[in-house]
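Content type compact mmCIF, C-alpha atoms (C1' of nucleotides), from the file coords-v3.txt:
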```
# COMPACT_ATOMS: atom_id res chain seq x y z
CA MET R 1 18.80 -12.81 22.64
CA ASP R 2 15.81 -13.01 20.39
CA GLN R 3 17.20 -15.95 18.48
CA ILE R 4 15.41 -17.00 15.35
CA LEU R 5 14.91 -20.74 15.24
CA GLN R 6 13.30 -20.80 11.84
CA PRO R 7 13.11 -17.96 9.35
CA ASN R 8 9.63 -16.52 9.70
CA PRO R 9 8.50 -14.66 6.61
CA TYR R 10 6.13 -12.68 8.79
CA SER R 11 8.70 -11.25 11.19
CA ALA R 12 9.41 -7.61 10.57
CA ASN R 13 13.13 -8.03 9.94
CA CYS R 14 12.65 -10.80 7.40
CA PRO R 15 14.02 -9.61 4.05
CA THR R 16 11.00 -10.98 2.26
CA ARG R 17 8.87 -8.58 4.21
CA LEU R 18 11.16 -5.72 3.27
CA VAL R 19 10.60 -6.46 -0.40
CA LEU R 20 6.88 -7.07 -0.07
CA ASP R 21 6.40 -3.84 1.82
CA ARG R 22 7.95 -1.99 -1.05
CA VAL R 23 6.40 -3.88 -3.89
CA ALA R 24 2.88 -4.64 -2.69
CA ASP R 25 1.35 -1.22 -3.15
CA LYS R 26 -1.15 -0.06 -5.67
CA TRP R 27 1.03 2.38 -7.57
CA THR R 28 3.81 -0.13 -8.04
CA VAL R 29 1.33 -2.64 -9.40
CA LEU R 30 -0.16 0.02 -11.64
CA VAL R 31 3.12 1.23 -13.09
CA LEU R 32 4.39 -2.27 -13.70
CA GLY R 33 1.21 -2.96 -15.61
CA LEU R 34 1.57 0.20 -17.69
CA LEU R 35 5.13 -0.74 -18.62
CA GLY R 36 4.25 -4.33 -19.44
CA ASN R 37 3.98 -3.77 -23.16
CA GLY R 38 7.15 -1.79 -23.71
CA PRO R 39 8.81 1.52 -22.85
CA VAL R 40 6.61 4.47 -21.95
CA ARG R 41 7.42 8.14 -21.47
CA PHE R 42 6.84 10.04 -18.26
CA ASN R 43 3.87 12.12 -19.30
CA ARG R 44 2.18 9.18 -20.96
CA LEU R 45 2.38 7.26 -17.68
CA ARG R 46 0.93 10.28 -16.01
CA ARG R 47 -1.99 10.48 -18.39
CA GLU R 48 -2.76 6.78 -18.37
CA GLY R 49 -2.50 6.30 -14.65
CA GLU R 50 -5.55 8.26 -13.63
CA GLY R 51 -5.37 9.56 -10.12
CA LEU R 52 -1.63 9.26 -10.07
CA SER R 53 -0.16 12.71 -9.56
CA GLN R 54 3.07 13.92 -11.08
CA LYS R 55 4.74 13.93 -7.71
CA VAL R 56 3.72 10.43 -6.71
CA LEU R 57 4.56 9.09 -10.15
CA ALA R 58 8.05 10.56 -9.91
CA GLN R 59 8.54 9.07 -6.45
CA THR R 60 7.27 5.68 -7.57
CA LEU R 61 9.56 5.66 -10.59
CA ARG R 62 12.61 6.57 -8.45
CA LYS R 63 11.90 3.70 -6.08
CA LEU R 64 11.36 1.21 -8.87
CA GLU R 65 14.56 2.39 -10.50
CA ARG R 66 16.46 2.03 -7.26
CA ASP R 67 15.14 -1.48 -6.83
CA GLY R 68 16.42 -2.38 -10.28
CA LEU R 69 12.92 -3.02 -11.60
CA ILE R 70 12.78 -0.34 -14.26
CA SER R 71 15.33 1.53 -16.35
CA ARG R 72 15.34 5.19 -17.21
CA THR R 73 16.65 6.35 -20.58
CA ALA R 74 16.96 10.01 -21.49
CA PHE R 75 17.15 10.99 -25.16
CA PRO R 76 18.92 14.28 -25.93
CA THR R 77 16.04 15.79 -27.83
CA VAL R 78 14.76 19.30 -27.18
CA PRO R 79 12.94 19.17 -24.93
CA VAL R 80 14.30 16.01 -23.42
CA THR R 81 12.49 12.70 -23.86
CA VAL R 82 12.63 10.09 -21.12
CA GLU R 83 11.57 6.51 -21.50
CA TYR R 84 10.91 4.07 -18.72
CA ALA R 85 11.03 0.34 -19.31
CA LEU R 86 10.97 -2.84 -17.32
CA THR R 87 14.34 -4.44 -16.67
CA PRO R 88 14.59 -8.24 -16.95
CA LEU R 89 14.08 -8.33 -13.19
CA GLY R 90 11.10 -6.03 -13.52
CA HIS R 91 9.58 -8.37 -16.10
CA THR R 92 9.72 -11.23 -13.63
CA LEU R 93 7.94 -9.10 -11.05
CA ALA R 94 5.34 -7.98 -13.55
CA ALA R 95 4.66 -11.63 -14.29
CA ALA R 96 4.31 -12.38 -10.59
CA VAL R 97 1.83 -9.54 -10.21
CA GLU R 98 -0.28 -10.52 -13.19
CA PRO R 99 -2.32 -13.18 -11.33
CA LEU R 100 -3.35 -10.48 -8.89
CA ARG R 101 -4.59 -8.28 -11.69
CA LEU R 102 -6.50 -11.14 -13.25
CA TRP R 103 -8.00 -12.02 -9.90
CA ALA R 104 -9.26 -8.46 -9.51
CA GLU R 105 -10.94 -8.59 -12.90
CA ASP R 106 -12.48 -11.98 -12.27
CA HIS R 107 -13.77 -11.36 -8.77
CA ILE R 108 -14.71 -7.71 -8.67
CA GLU R 109 -18.40 -8.53 -8.80
CA GLU R 110 -18.21 -10.92 -5.90
CA VAL R 111 -16.30 -8.43 -3.79
CA LEU R 112 -18.78 -5.65 -4.49
CA ARG R 113 -21.67 -7.93 -3.57
CA ALA R 114 -19.96 -8.90 -0.33
CA GLN R 115 -19.46 -5.25 0.54
CA GLN R 116 -23.12 -4.45 -0.05
CA ALA R 117 -24.22 -7.39 2.07
CA TYR R 118 -21.88 -6.32 4.86
CA ASP R 119 -23.01 -2.70 4.73
CA THR R 120 -26.74 -3.33 4.71
CA GLN R 121 -26.96 -5.66 7.67
CA GLU R 122 -24.26 -4.08 9.76
CA MET K 1 -16.31 14.45 -23.80
CA ASP K 2 -13.68 12.05 -22.67
CA GLN K 3 -15.37 9.02 -24.13
CA ILE K 4 -13.87 5.67 -23.31
CA LEU K 5 -13.44 3.59 -26.43
CA GLN K 6 -12.08 0.56 -24.66
CA PRO K 7 -12.20 -0.24 -20.97
CA ASN K 8 -8.89 0.90 -19.56
CA PRO K 9 -7.84 -1.01 -16.45
CA TYR K 10 -5.70 1.96 -15.47
CA SER K 11 -8.45 4.56 -15.37
CA ALA K 12 -9.37 5.55 -11.86
CA ASN K 13 -13.02 4.57 -12.14
CA CYS K 14 -12.25 1.11 -13.47
CA PRO K 15 -13.56 -1.46 -10.99
CA THR K 16 -10.37 -3.47 -11.28
CA ARG K 17 -8.50 -0.51 -9.87
CA LEU K 18 -10.94 -0.27 -7.01
CA VAL K 19 -10.19 -3.84 -6.03
CA LEU K 20 -6.44 -3.57 -6.56
CA ASP K 21 -6.27 -0.42 -4.47
CA ARG K 22 -7.80 -2.30 -1.59
CA VAL K 23 -6.02 -5.57 -1.99
CA ALA K 24 -2.52 -4.59 -3.06
CA ASP K 25 -1.17 -3.43 0.25
CA LYS K 26 1.34 -5.04 2.51
CA TRP K 27 -0.92 -5.80 5.46
CA THR K 28 -3.51 -7.49 3.29
CA VAL K 29 -0.84 -9.66 1.73
CA LEU K 30 0.58 -10.43 5.17
CA VAL K 31 -2.74 -11.40 6.76
CA LEU K 32 -3.77 -13.55 3.81
CA GLY K 33 -0.48 -15.38 4.19
CA LEU K 34 -0.97 -15.88 7.90
CA LEU K 35 -4.43 -17.35 7.31
CA GLY K 36 -3.29 -19.57 4.49
CA ASN K 37 -2.92 -22.68 6.63
CA GLY K 38 -6.19 -22.49 8.51
CA PRO K 39 -8.09 -20.38 11.05
CA VAL K 40 -6.11 -18.15 13.40
CA ARG K 41 -7.18 -16.19 16.46
CA PHE K 42 -6.83 -12.44 16.78
CA ASN K 43 -3.95 -12.28 19.23
CA ARG K 44 -2.03 -14.95 17.39
CA LEU K 45 -2.22 -12.88 14.21
CA ARG K 46 -1.02 -9.96 16.27
CA ARG K 47 1.98 -11.84 17.58
CA GLU K 48 2.97 -13.39 14.30
CA GLY K 49 2.61 -10.28 12.22
CA GLU K 50 5.49 -8.33 13.64
CA GLY K 51 5.13 -4.60 13.24
CA LEU K 52 1.38 -4.93 12.83
CA SER K 53 -0.31 -3.05 15.67
CA GLN K 54 -3.58 -4.08 17.27
CA LYS K 55 -5.33 -1.13 15.73
CA VAL K 56 -4.14 -1.72 12.19
CA LEU K 57 -4.78 -5.45 12.46
CA ALA K 58 -8.37 -4.80 13.54
CA GLN K 59 -8.88 -2.37 10.67
CA THR K 60 -7.37 -4.77 8.16
CA LEU K 61 -9.55 -7.62 9.38
CA ARG K 62 -12.71 -5.49 9.13
CA LYS K 63 -11.91 -4.56 5.55
CA LEU K 64 -11.13 -8.11 4.55
CA GLU K 65 -14.34 -9.26 6.18
CA ARG K 66 -16.32 -6.59 4.36
CA ASP K 67 -14.79 -7.68 1.08
CA GLY K 68 -15.90 -11.24 1.74
CA LEU K 69 -12.32 -12.50 1.87
CA ILE K 70 -12.25 -13.72 5.45
CA SER K 71 -14.85 -14.94 7.94
CA ARG K 72 -15.05 -14.10 11.62
CA THR K 73 -16.31 -16.71 14.08
CA ALA K 74 -16.81 -15.92 17.76
CA PHE K 75 -16.95 -18.82 20.23
CA PRO K 76 -18.91 -18.17 23.44
CA THR K 77 -16.05 -19.03 25.76
CA VAL K 78 -15.02 -16.82 28.68
CA PRO K 79 -13.26 -14.78 27.65
CA VAL K 80 -14.46 -14.87 24.09
CA THR K 81 -12.43 -16.63 21.39
CA VAL K 82 -12.51 -15.32 17.82
CA GLU K 83 -11.21 -17.16 14.83
CA TYR K 84 -10.50 -15.69 11.45
CA ALA K 85 -10.36 -17.86 8.36
CA LEU K 86 -10.17 -17.44 4.63
CA THR K 87 -13.45 -17.76 2.77
CA PRO K 88 -13.46 -19.67 -0.53
CA LEU K 89 -13.08 -16.30 -2.24
CA GLY K 90 -10.24 -15.44 0.11
CA HIS K 91 -8.48 -18.66 -0.81
CA THR K 92 -8.54 -17.73 -4.48
CA LEU K 93 -6.99 -14.36 -3.63
CA ALA K 94 -4.36 -15.97 -1.41
CA ALA K 95 -3.44 -18.19 -4.36
CA ALA K 96 -3.17 -15.17 -6.63
CA VAL K 97 -0.89 -13.43 -4.14
CA GLU K 98 1.38 -16.41 -3.63
CA PRO K 99 3.51 -15.78 -6.75
CA LEU K 100 4.28 -12.34 -5.38
CA ARG K 101 5.50 -13.82 -2.13
CA LEU K 102 7.64 -16.36 -3.94
CA TRP K 103 9.06 -13.63 -6.14
CA ALA K 104 10.10 -11.66 -3.09
CA GLU K 105 11.92 -14.66 -1.65
CA ASP K 106 13.62 -15.48 -4.92
CA HIS K 107 14.73 -11.98 -5.84
CA ILE K 108 15.45 -10.22 -2.58
CA GLU K 109 19.20 -10.50 -3.13
CA GLU K 110 19.02 -8.97 -6.55
CA VAL K 111 16.89 -6.08 -5.31
CA LEU K 112 19.23 -5.34 -2.43
CA ARG K 113 22.21 -5.32 -4.77
CA ALA K 114 20.42 -2.96 -7.13
CA GLN K 115 19.68 -0.62 -4.25
CA GLN K 116 23.30 -0.57 -3.16
CA ALA K 117 24.48 0.12 -6.68
CA TYR K 118 21.96 2.94 -7.03
CA ASP K 119 22.89 4.49 -3.69
CA THR K 120 26.65 4.43 -4.14
CA GLN K 121 26.87 6.06 -7.53
CA GLU K 122 23.98 8.41 -7.17
C1' DC C 1 -9.41 -12.43 24.77
C1' DA C 2 -10.79 -9.34 21.41
C1' DG C 3 -11.63 -5.57 20.55
C1' DT C 4 -13.19 0.06 20.43
C1' DA C 5 -12.24 5.04 21.50
C1' DT C 6 -9.29 8.79 21.92
C1' DC C 7 -5.51 11.67 21.30
C1' DC C 8 -1.43 12.86 19.25
C1' DT C 9 2.47 12.34 15.99
C1' DT C 10 4.26 11.01 11.72
C1' DT C 11 3.71 10.22 6.82
C1' DA C 12 1.72 10.73 2.60
C1' DT C 13 -0.48 13.32 -0.78
C1' DG C 14 -2.21 17.59 -3.34
C1' DA C 15 -1.53 22.10 -5.31
C1' DT C 16 1.33 25.32 -7.04
C1' DA C 17 5.35 27.28 -8.81
C1' DC C 18 9.63 26.90 -11.00
C1' DT C 19 13.80 24.87 -14.07
C1' DG C 20 17.13 22.42 -17.53
C1' DC P 1 9.02 17.36 -21.66
C1' DA P 2 10.36 15.80 -17.34
C1' DG P 3 11.00 16.74 -13.56
C1' DT P 4 12.25 19.20 -8.37
C1' DA P 5 10.99 22.30 -4.37
C1' DT P 6 7.90 24.07 -1.19
C1' DC P 7 4.03 24.53 1.55
C1' DA P 8 -0.46 23.14 3.27
C1' DT P 9 -3.55 19.53 4.35
C1' DA P 10 -5.27 15.00 4.79
C1' DA P 11 -4.64 10.35 5.95
C1' DA P 12 -2.34 6.75 8.42
C1' DG P 13 -0.29 4.97 12.39
C1' DG P 14 1.30 4.54 17.47
C1' DA P 15 0.28 4.77 22.47
C1' DT P 16 -2.73 4.45 25.89
C1' DA P 17 -6.85 3.54 28.25
C1' DC P 18 -11.03 1.21 28.63
C1' DT P 19 -15.00 -2.64 27.93
C1' DG P 20 -18.09 -6.99 27.04
```
Just give me the structure as structure tokens.
Amino acid sequence: MDQILQPNPYSANCPTRLVLDRVADKWTVLVLGLLGNGPVRFNRLRREGEGLSQKVLAQTLRKLERDGLISRTAFPTVPVTVEYALTPLGHTLAAAVEPLRLWAEDHIEEVLRAQQAYDTQE
Amino acid sequence: MDQILQPNPYSANCPTRLVLDRVADKWTVLVLGLLGNGPVRFNRLRREGEGLSQKVLAQTLRKLERDGLISRTAFPTVPVTVEYALTPLGHTLAAAVEPLRLWAEDHIEEVLRAQQAYDTQE
DNA sequence: CAGTATCCTTTATGATACTG
DNA sequence: CAGTATCATAAAGGATACTG
């Protein structure tokens, strides 16, 4: 039975949830930000995304590629050079994520103060 | 040495990263959405957030409370009633997250098609 | 109702080594 | 350079039981 009277974006089988689950994680947000200003090579992403290991970076890039958010271009140099870039779709997502990044910058102080207040009295 | 000439939002010790790491996860986005239209009680959140277990919901709520994003109000009924609501700060975050939710709704089809294309040829 | 505590399983990540 | 493969470990999550 289990009929759905109105599409609930919070139900587990809602497609919106499927996308959010994939897209709302810190490494996705990070990589999208790193690619925001043009194509970047693998090892440069690795260096600039501190704390992001080679393995996790590779996994993240595969997923983003599968989702059609980034493109992968290999140049036949020796050794090979690989560039990652946002697709048009990826650009729209990067734009949607930007407010979140700005929020973090604007409100970091307030969050840290709230944490301290919570920790001291609790 | 490793001197930082300009603050890099992608370095691990950048405070923006600290906030994004906490805030850019699917349960946070989900709960903020559920609280967007006013206070909600614990078990209602549990029911409406399909796939979100009691344990994980409790953990998520504690973190959000610690970050100053939501408030917890206990009413001395029997049994006790607890309402969670966005703080003013939480409302600003919910607003910043909204574009991401809209993006997911608007582009789900395109993402699913990209995944199929990737899976068939690969 | 609104949780916490515990145990146990699954998943994710880290380190290391290796390849076209 | 740009990865993959493997193994070990840590972190996250589910199930269950219990409490003010």
| query | Mind pulling up the distance from atom CA of K:Gly51 to atom CA of K:Ala74? | reply | 25.1 Å
| If we count only C-alpha atoms (C1' of nucleotides), which residues of chain C reach to within 10 Å of chain R? Please list them as number ranges by chain. | C: 12-14, 20
| query | Counting only C-alpha atoms, which of K:Thr16, K:Gln121, K:Thr81, K:Thr60 gets nearest to chain R? | reply |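 Under the stated criterion, the closest residue is K:Thr16.
The gap separating atom CA of K:Gly68 from atom CA of K:Pro88 is 9.1 Å, in Å to one decimal.
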| If we count only C-alpha atoms (C1' of nucleotides), which residues of chain R reach to within 12 Å of chain P? Please list them as a PyMOL selection string. | chain R and resi 41-46+54-59+61-62+72-84
Please provide as a PDB file with C-alpha atoms, in the coordinates of the input all residues within 12 Å of R:Asp119, with the sequence filter that same-chain residues fewer than 6 positions apart are discarded (counting only C-alpha atoms (C1' of nucleotides)).
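Writing done, so here's out.pdb:
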```
ATOM      1  CA  LEU R 112     -18.780  -5.650  -4.490  1.00  0.00           C
ATOM      2  CA  ARG R 113     -21.670  -7.930  -3.570  1.00  0.00           C
TER       3      ARG R 113
ATOM      4  CA  ARG K  62     -12.710  -5.490   9.130  1.00  0.00           C
ATOM      5  CA  LYS K  63     -11.910  -4.560   5.550  1.00  0.00           C
ATOM      6  CA  GLU K  65     -14.340  -9.260   6.180  1.00  0.00           C
ATOM      7  CA  ARG K  66     -16.320  -6.590   4.360  1.00  0.00           C
ATOM      8  CA  ASP K  67     -14.790  -7.680   1.080  1.00  0.00           C
ATOM      9  CA  GLY K  68     -15.900 -11.240   1.740  1.00  0.00           C
TER      10      GLY K  68
END
```
